[in-house]
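For reference, the structure discussed in these notes is given below.
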Amino acid sequence: MPIDSKQVDESLECINREIGDYSPKLGIVLGTGLGGLVRDVKIKHRLDYKNIPHFPVSTVEFHHGNLIFGSIADHDAMIMQGRFHYYEGYSLDEVTYPILVMQKLGIDTLLVSNACGAVNPTYHRGDLMIMCDHINLLFDTPLKKKKISSSNKRIYDPGLIEIAEKTALEYNIPVRKGVYCALSGPNLETRSEYRMVRKTGADVVGMSTIPEALASKNGGFKVLGFSIITDVGFPDSLKPAVIEDIIETAAKAEPKLTLLMENIIRQI
């Protein structure tokens with residue numbers, strides 16, 4: 001469904017009625033099993049997605065559906081507690097609709113996270129990865145019919161990546177730095193598809209994040225992405241993925257990511 005400026009304005013009108021003159025500069029998108037960061041937010045306003053005109057609603061199990069405004073690490077932020085996916089039947093315009101809203105609110109930095117599967121054989125369940133680049137195998141983009149920024153060549157901000165690496169070292173948090181690949185899903189990959197993804201140069205594979213990152217970068221944001229490796233996709237030892245195990249792994253890794261993100265935010 002095409003998005004027009006009137007829809008965004010109507011969403012903003014609803015949000016502004018709730019938040020008043022609150023003006024965050026930081027946006028955060030929380031993915032599967034990564035909602036623990038919210039516990040450390042001094043929440044000022046919480047809006048259910050379904051009560052915001054034209055906002056999509058998450059249909060994925062274990063995803064919340066709240067837009068949270070509050071303070072974290074002394075920064076005011078707009079936090080998406082639950083995201084939208086291409087495989088839910090949404091267009092990428094709809095998936096990235098909240099990014100348009102963030103842009104109109106004056107947000108200029110986006111931190112985004114996801115759960116993913118490793119295809120790099122040196123990675124393990126529970127590892128954290130800083131996204132340094134991505135491979136878009138969704139075969140679609142939210143930038144169709146939009147004016148493309150010349151700064152789009154490097155999506156993930158080098159300065160923020162450097163801060164993330166230094167912060168991880170300071171707090172003795174092991175991190176990987178690698179390439180994230182997105183497929184449309186909702187089915188997981190076959191053995192042959194995992195082999196293909198690895199041959200493209202990817203380290204991990206998932207079903208999200210790239211649309212938000214593309215839309216944010218094109219909107220002038222600085223973008224930093226994190227992945228939690230919640231399962232592995234090694235073709236020769238492939239086992240069935242169990243959602244409960246994925247959530248459990250994300251929950252165990254979550255405190256490390258929360259600590260890392262909070263200390264990165266303090267330096268932004």
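Naming scheme: A, B, ... for chains in displayed order of the structure tokens; residues 1 onward per chain; ligands 1 onward as shown.
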Going by DSSP on the backbone, which residues of stretch 122-216 of chain A come out as strand (DSSP E)? List them as a VMD selection string. chain A and resid 128 to 136 176 to 182 204 to 206
Each stretch 180-262 of chain A residue no farther than 10 Å from stretch 143-147 of chain A, nearest pair in Å, only C-alpha atoms, as a Markdown table:
| residue | atom | partner | partner_atom | distance |
| --- | --- | --- | --- | --- |
| A:Pro211 | CA | A:Leu143 | CA | 8.8 |
| A:Leu214 | CA | A:Leu143 | CA | 7.5 |
| A:Ala215 | CA | A:Leu143 | CA | 6.8 |
| A:Asn218 | CA | A:Leu143 | CA | 8.0 |
| A:Gly219 | CA | A:Lys147 | CA | 9.8 |
Among the residues A:Glu244, A:Glu189, A:Asp48, A:Glu212, the one that comes closest to A:Ile99 [using only C-alpha atoms]: A:Glu212
Contact residues around A:Gly178 with only C-alpha atoms at 9 Å, ignoring same-chain residues under 4 positions, as a PyMOL selection string: chain A and resi 129-134+202-204
Distance in Å - atom CA of A:Phe69 versus atom CA of A:Met102: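 Between atom CA of A:Phe69 and atom CA of A:Met102 the gap is 11.5 Å.
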Suppose you want the space between atom CA of A:Ser216 and atom CA of A:Met261; what is it in Å?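 Between atom CA of A:Ser216 and atom CA of A:Met261 the gap works out to 18.5 Å.
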Give me the residues within 10 Å of A:Ile135 as a list in words, counting only C-alpha atoms and dropping any in the same chain fewer than 2 places off. Asp133, Leu137, Leu138, Val179, Tyr180, Cys181, Ala182, Leu183, Val197, Thr200, Gly201, Ala202, Val205 and Ile210 of chain A
Atoms to include: N, CA and C atoms. Write the selected residues as an mmCIF file, in the first residue's frame.
data_model
loop_
_atom_site.group_PDB
_atom_site.id
_atom_site.type_symbol
_atom_site.label_atom_id
_atom_site.label_comp_id
_atom_site.auth_asym_id
_atom_site.auth_seq_id
_atom_site.Cartn_x
_atom_site.Cartn_y
_atom_site.Cartn_z
ATOM 1 N N ASP A 133 27.841 -4.329 7.414
ATOM 2 C CA ASP A 133 27.313 -4.235 6.056
ATOM 3 C C ASP A 133 26.150 -5.221 5.934
ATOM 4 N N LEU A 137 18.641 -9.757 0.115
ATOM 5 C CA LEU A 137 18.024 -10.780 -0.731
ATOM 6 C C LEU A 137 16.509 -10.811 -0.547
ATOM 7 N N LEU A 138 15.952 -9.693 -0.083
ATOM 8 C CA LEU A 138 14.495 -9.531 -0.089
ATOM 9 C C LEU A 138 14.008 -9.262 -1.508
ATOM 10 N N VAL A 179 28.608 -9.346 8.333
ATOM 11 C CA VAL A 179 27.644 -8.987 7.289
ATOM 12 C C VAL A 179 26.340 -9.740 7.528
ATOM 13 N N TYR A 180 25.252 -8.980 7.527
ATOM 14 C CA TYR A 180 23.907 -9.518 7.747
ATOM 15 C C TYR A 180 23.206 -9.665 6.396
ATOM 16 N N CYS A 181 22.583 -10.796 6.173
ATOM 17 C CA CYS A 181 21.804 -11.036 4.953
ATOM 18 C C CYS A 181 20.340 -11.215 5.330
ATOM 19 N N ALA A 182 19.447 -10.588 4.577
ATOM 20 C CA ALA A 182 18.018 -10.741 4.833
ATOM 21 C C ALA A 182 17.329 -11.454 3.674
ATOM 22 N N LEU A 183 16.528 -12.482 4.020
ATOM 23 C CA LEU A 183 15.627 -13.148 3.090
ATOM 24 C C LEU A 183 14.199 -12.867 3.551
ATOM 25 N N VAL A 197 23.769 -18.519 0.893
ATOM 26 C CA VAL A 197 23.911 -17.291 1.686
ATOM 27 C C VAL A 197 25.358 -17.112 2.123
ATOM 28 N N THR A 200 27.581 -15.843 -0.629
ATOM 29 C CA THR A 200 27.420 -14.423 -0.976
ATOM 30 C C THR A 200 28.332 -13.531 -0.150
ATOM 31 N N GLY A 201 28.888 -14.066 0.942
ATOM 32 C CA GLY A 201 29.745 -13.267 1.812
ATOM 33 C C GLY A 201 29.108 -12.897 3.129
ATOM 34 N N ALA A 202 27.924 -13.440 3.407
ATOM 35 C CA ALA A 202 27.231 -13.135 4.660
ATOM 36 C C ALA A 202 27.780 -13.969 5.815
ATOM 37 N N VAL A 205 22.123 -14.634 8.845
ATOM 38 C CA VAL A 205 20.950 -14.461 7.995
ATOM 39 C C VAL A 205 19.718 -14.263 8.866
ATOM 40 N N ILE A 210 17.123 -4.731 7.334
ATOM 41 C CA ILE A 210 17.619 -4.028 6.156
ATOM 42 C C ILE A 210 16.634 -2.958 5.667
#
Select, from A:Ile173, A:Met207, A:Leu260, A:Ile43, the residue with the minimum atom-to-atom distance to A:His85, counting only C-alpha atoms.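 Of A:Ile173, A:Met207, A:Leu260, A:Ile43, the one nearest A:His85 is A:Met207, counting only C-alpha atoms.
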I want to know what sits within 12 Å of A:Val101, based on only C-alpha atoms, with residues of the same chain fewer than 2 positions away left out; could you give that as a PyMOL selection string? chain A and resi 3-16+27+52-55+67+78+80+94-99+103-108+215-216+219
Only N, CA and C atoms, please: the residues just picked out, written as an mmCIF file, in the first residue's frame.
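Just written: result17.cif:
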data_model
loop_
_atom_site.group_PDB
_atom_site.id
_atom_site.type_symbol
_atom_site.label_atom_id
_atom_site.label_comp_id
_atom_site.auth_asym_id
_atom_site.auth_seq_id
_atom_site.Cartn_x
_atom_site.Cartn_y
_atom_site.Cartn_z
ATOM 1 N N ILE A 3 2.289 4.913 0.681
ATOM 2 C CA ILE A 3 2.177 5.793 1.835
ATOM 3 C C ILE A 3 2.209 7.236 1.340
ATOM 4 N N ASP A 4 1.280 8.085 1.820
ATOM 5 C CA ASP A 4 1.341 9.501 1.456
ATOM 6 C C ASP A 4 1.578 10.350 2.690
ATOM 7 N N SER A 5 1.978 11.593 2.470
ATOM 8 C CA SER A 5 2.362 12.477 3.568
ATOM 9 C C SER A 5 1.201 12.773 4.500
ATOM 10 N N LYS A 6 -0.026 12.727 3.979
ATOM 11 C CA LYS A 6 -1.191 12.991 4.830
ATOM 12 C C LYS A 6 -1.312 11.923 5.907
ATOM 13 N N GLN A 7 -1.030 10.664 5.558
ATOM 14 C CA GLN A 7 -1.089 9.592 6.544
ATOM 15 C C GLN A 7 -0.061 9.806 7.649
ATOM 16 N N VAL A 8 1.160 10.168 7.256
ATOM 17 C CA VAL A 8 2.210 10.417 8.245
ATOM 18 C C VAL A 8 1.810 11.575 9.153
ATOM 19 N N ASP A 9 1.245 12.619 8.572
ATOM 20 C CA ASP A 9 0.809 13.772 9.367
ATOM 21 C C ASP A 9 -0.271 13.373 10.366
ATOM 22 N N GLU A 10 -1.190 12.496 9.966
ATOM 23 C CA GLU A 10 -2.247 12.054 10.872
ATOM 24 C C GLU A 10 -1.680 11.207 12.006
ATOM 25 N N SER A 11 -0.683 10.368 11.690
ATOM 26 C CA SER A 11 -0.013 9.607 12.742
ATOM 27 C C SER A 11 0.693 10.542 13.716
ATOM 28 N N LEU A 12 1.396 11.533 13.169
ATOM 29 C CA LEU A 12 2.119 12.489 14.004
ATOM 30 C C LEU A 12 1.176 13.291 14.890
ATOM 31 N N GLU A 13 0.047 13.657 14.343
ATOM 32 C CA GLU A 13 -0.932 14.414 15.130
ATOM 33 C C GLU A 13 -1.377 13.618 16.354
ATOM 34 N N CYS A 14 -1.636 12.325 16.150
ATOM 35 C CA CYS A 14 -2.026 11.451 17.252
ATOM 36 C C CYS A 14 -0.891 11.330 18.274
ATOM 37 N N ILE A 15 0.332 11.103 17.796
ATOM 38 C CA ILE A 15 1.481 10.944 18.695
ATOM 39 C C ILE A 15 1.748 12.223 19.477
ATOM 40 N N ASN A 16 1.693 13.361 18.793
ATOM 41 C CA ASN A 16 1.980 14.631 19.450
ATOM 42 C C ASN A 16 0.948 14.986 20.506
ATOM 43 N N GLY A 27 16.303 7.006 17.894
ATOM 44 C CA GLY A 27 15.317 5.965 17.632
ATOM 45 C C GLY A 27 15.933 4.594 17.877
ATOM 46 N N ILE A 52 -2.607 4.125 16.886
ATOM 47 C CA ILE A 52 -1.989 5.180 16.077
ATOM 48 C C ILE A 52 -2.497 5.045 14.643
ATOM 49 N N PRO A 53 -3.142 6.067 14.092
ATOM 50 C CA PRO A 53 -3.668 5.963 12.723
ATOM 51 C C PRO A 53 -2.590 5.562 11.724
ATOM 52 N N HIS A 54 -2.943 4.590 10.869
ATOM 53 C CA HIS A 54 -2.105 4.138 9.740
ATOM 54 C C HIS A 54 -0.879 3.334 10.165
ATOM 55 N N PHE A 55 -0.680 3.129 11.465
ATOM 56 C CA PHE A 55 0.471 2.353 11.917
ATOM 57 C C PHE A 55 0.196 0.876 11.697
ATOM 58 N N LEU A 67 4.834 1.729 21.016
ATOM 59 C CA LEU A 67 5.742 2.826 20.733
ATOM 60 C C LEU A 67 6.013 3.517 22.065
ATOM 61 N N MET A 78 12.767 7.396 21.144
ATOM 62 C CA MET A 78 11.537 6.762 20.665
ATOM 63 C C MET A 78 11.890 5.308 20.382
ATOM 64 N N MET A 80 10.725 1.417 19.353
ATOM 65 C CA MET A 80 9.749 0.485 18.802
ATOM 66 C C MET A 80 9.900 -0.859 19.514
ATOM 67 N N GLU A 94 5.162 -0.056 4.172
ATOM 68 C CA GLU A 94 4.493 -0.204 5.471
ATOM 69 C C GLU A 94 5.465 -0.632 6.560
ATOM 70 N N VAL A 95 6.389 -1.540 6.219
ATOM 71 C CA VAL A 95 7.390 -1.985 7.185
ATOM 72 C C VAL A 95 8.186 -0.795 7.729
ATOM 73 N N THR A 96 8.493 0.156 6.854
ATOM 74 C CA THR A 96 9.334 1.295 7.244
ATOM 75 C C THR A 96 8.524 2.550 7.560
ATOM 76 N N TYR A 97 7.224 2.414 7.660
ATOM 77 C CA TYR A 97 6.378 3.569 7.990
ATOM 78 C C TYR A 97 6.835 4.270 9.275
ATOM 79 N N PRO A 98 7.156 3.516 10.349
ATOM 80 C CA PRO A 98 7.611 4.194 11.579
ATOM 81 C C PRO A 98 8.875 5.029 11.383
ATOM 82 N N ILE A 99 9.709 4.664 10.409
ATOM 83 C CA ILE A 99 10.917 5.441 10.148
ATOM 84 C C ILE A 99 10.548 6.817 9.599
ATOM 85 N N GLN A 103 11.491 10.365 11.333
ATOM 86 C CA GLN A 103 12.134 11.457 10.606
ATOM 87 C C GLN A 103 11.386 12.767 10.829
ATOM 88 N N LYS A 104 10.059 12.718 10.763
ATOM 89 C CA LYS A 104 9.246 13.915 10.974
ATOM 90 C C LYS A 104 9.349 14.416 12.415
ATOM 91 N N LEU A 105 9.616 13.506 13.358
ATOM 92 C CA LEU A 105 9.759 13.904 14.754
ATOM 93 C C LEU A 105 11.121 14.527 15.048
ATOM 94 N N GLY A 106 12.061 14.418 14.107
ATOM 95 C CA GLY A 106 13.369 15.019 14.282
ATOM 96 C C GLY A 106 14.447 14.069 14.755
ATOM 97 N N ILE A 107 14.165 12.768 14.726
ATOM 98 C CA ILE A 107 15.175 11.786 15.122
ATOM 99 C C ILE A 107 16.275 11.731 14.067
ATOM 100 N N ASP A 108 17.530 11.607 14.531
ATOM 101 C CA ASP A 108 18.645 11.601 13.576
ATOM 102 C C ASP A 108 19.587 10.409 13.729
ATOM 103 N N ALA A 215 15.842 2.816 4.792
ATOM 104 C CA ALA A 215 14.979 3.994 4.903
ATOM 105 C C ALA A 215 15.589 5.045 5.826
ATOM 106 N N SER A 216 16.216 4.596 6.914
ATOM 107 C CA SER A 216 16.817 5.525 7.867
ATOM 108 C C SER A 216 18.004 6.256 7.259
ATOM 109 N N GLY A 219 17.016 8.760 4.882
ATOM 110 C CA GLY A 219 16.414 9.903 5.552
ATOM 111 C C GLY A 219 17.395 10.753 6.317
#
Residue nearest A:Thr230 among A:Gly126, A:Gly206, A:Pro56, A:Pro24 (counting only C-alpha atoms):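 Using only C-alpha atoms, A:Thr230 sits closest to A:Gly126.
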Any idea what's packed within 10 Å of A:Thr258, counting only C-alpha atoms, ignoring anything in its chain fewer than 3 positions away? Could you give it as an MDAnalysis selection string? chainID A and resid 34:40 253:255 261:264
Deliver the residues from the most recent selection as a file, using N, CA and C atoms, as a PDB file, in the first residue's frame.
ATOM      1  N   LEU A  34      14.532  -9.167  22.395  1.00  0.00           N
ATOM      2  CA  LEU A  34      15.462  -8.110  22.773  1.00  0.00           C
ATOM      3  C   LEU A  34      14.754  -6.965  23.494  1.00  0.00           C
ATOM      4  N   GLY A  35      13.646  -7.253  24.109  1.00  0.00           N
ATOM      5  CA  GLY A  35      12.844  -6.205  24.742  1.00  0.00           C
ATOM      6  C   GLY A  35      13.304  -5.794  26.119  1.00  0.00           C
ATOM      7  N   GLY A  36      14.333  -6.441  26.664  1.00  0.00           N
ATOM      8  CA  GLY A  36      14.771  -6.157  28.015  1.00  0.00           C
ATOM      9  C   GLY A  36      15.275  -4.749  28.213  1.00  0.00           C
ATOM     10  N   LEU A  37      15.735  -4.095  27.138  1.00  0.00           N
ATOM     11  CA  LEU A  37      16.216  -2.725  27.236  1.00  0.00           C
ATOM     12  C   LEU A  37      15.138  -1.813  27.810  1.00  0.00           C
ATOM     13  N   VAL A  38      13.890  -2.138  27.546  1.00  0.00           N
ATOM     14  CA  VAL A  38      12.783  -1.302  27.999  1.00  0.00           C
ATOM     15  C   VAL A  38      12.762  -1.190  29.522  1.00  0.00           C
ATOM     16  N   ARG A  39      13.243  -2.230  30.214  1.00  0.00           N
ATOM     17  CA  ARG A  39      13.244  -2.199  31.683  1.00  0.00           C
ATOM     18  C   ARG A  39      14.109  -1.079  32.233  1.00  0.00           C
ATOM     19  N   ASP A  40      15.079  -0.615  31.439  1.00  0.00           N
ATOM     20  CA  ASP A  40      15.980   0.439  31.890  1.00  0.00           C
ATOM     21  C   ASP A  40      15.583   1.815  31.361  1.00  0.00           C
ATOM     22  N   ALA A 253      21.515 -13.678  26.022  1.00  0.00           N
ATOM     23  CA  ALA A 253      22.460 -12.711  25.454  1.00  0.00           C
ATOM     24  C   ALA A 253      22.021 -11.269  25.681  1.00  0.00           C
ATOM     25  N   GLU A 254      20.752 -11.099  25.985  1.00  0.00           N
ATOM     26  CA  GLU A 254      20.162  -9.767  26.086  1.00  0.00           C
ATOM     27  C   GLU A 254      20.868  -8.843  27.086  1.00  0.00           C
ATOM     28  N   PRO A 255      21.245  -9.308  28.292  1.00  0.00           N
ATOM     29  CA  PRO A 255      21.919  -8.393  29.231  1.00  0.00           C
ATOM     30  C   PRO A 255      23.213  -7.813  28.678  1.00  0.00           C
ATOM     31  N   MET A 261      24.539  -1.378  24.581  1.00  0.00           N
ATOM     32  CA  MET A 261      23.754  -0.325  23.950  1.00  0.00           C
ATOM     33  C   MET A 261      23.664   0.900  24.857  1.00  0.00           C
ATOM     34  N   GLU A 262      23.439   0.678  26.144  1.00  0.00           N
ATOM     35  CA  GLU A 262      23.306   1.811  27.054  1.00  0.00           C
ATOM     36  C   GLU A 262      24.591   2.636  27.100  1.00  0.00           C
ATOM     37  N   ASN A 263      25.726   1.963  27.104  1.00  0.00           N
ATOM     38  CA  ASN A 263      26.993   2.694  27.177  1.00  0.00           C
ATOM     39  C   ASN A 263      27.374   3.318  25.847  1.00  0.00           C
ATOM     40  N   ILE A 264      26.888   2.756  24.747  1.00  0.00           N
ATOM     41  CA  ILE A 264      27.057   3.422  23.451  1.00  0.00           C
ATOM     42  C   ILE A 264      26.216   4.687  23.405  1.00  0.00           C
TER      43      ILE A 264
END
In Å, rounded to a single decimal, give me how far atom CA of A:Ile265 is from atom CA of A:Ala73.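 Going from atom CA of A:Ala73 over to atom CA of A:Ile265 covers 6.3 Å.
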From the set A:Ile228, A:Asp76, A:Tyr86, A:Asp21, which residue has the shortest atom-to-atom contact distance to A:Gly185, counting only C-alpha atoms? A:Tyr86
Identify which of the residues A:Tyr22, A:Phe234, A:Tyr49, A:Phe226 lies closest to A:His75, counting only C-alpha atoms when measuring atom-to-atom distances.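 Using only C-alpha atoms, A:His75 sits closest to A:Tyr22.
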Which residue of A:Ala241, A:Leu47, A:Ile246, A:Ile229 approaches A:Ala118 most closely, using only C-alpha atoms: A:Ile229
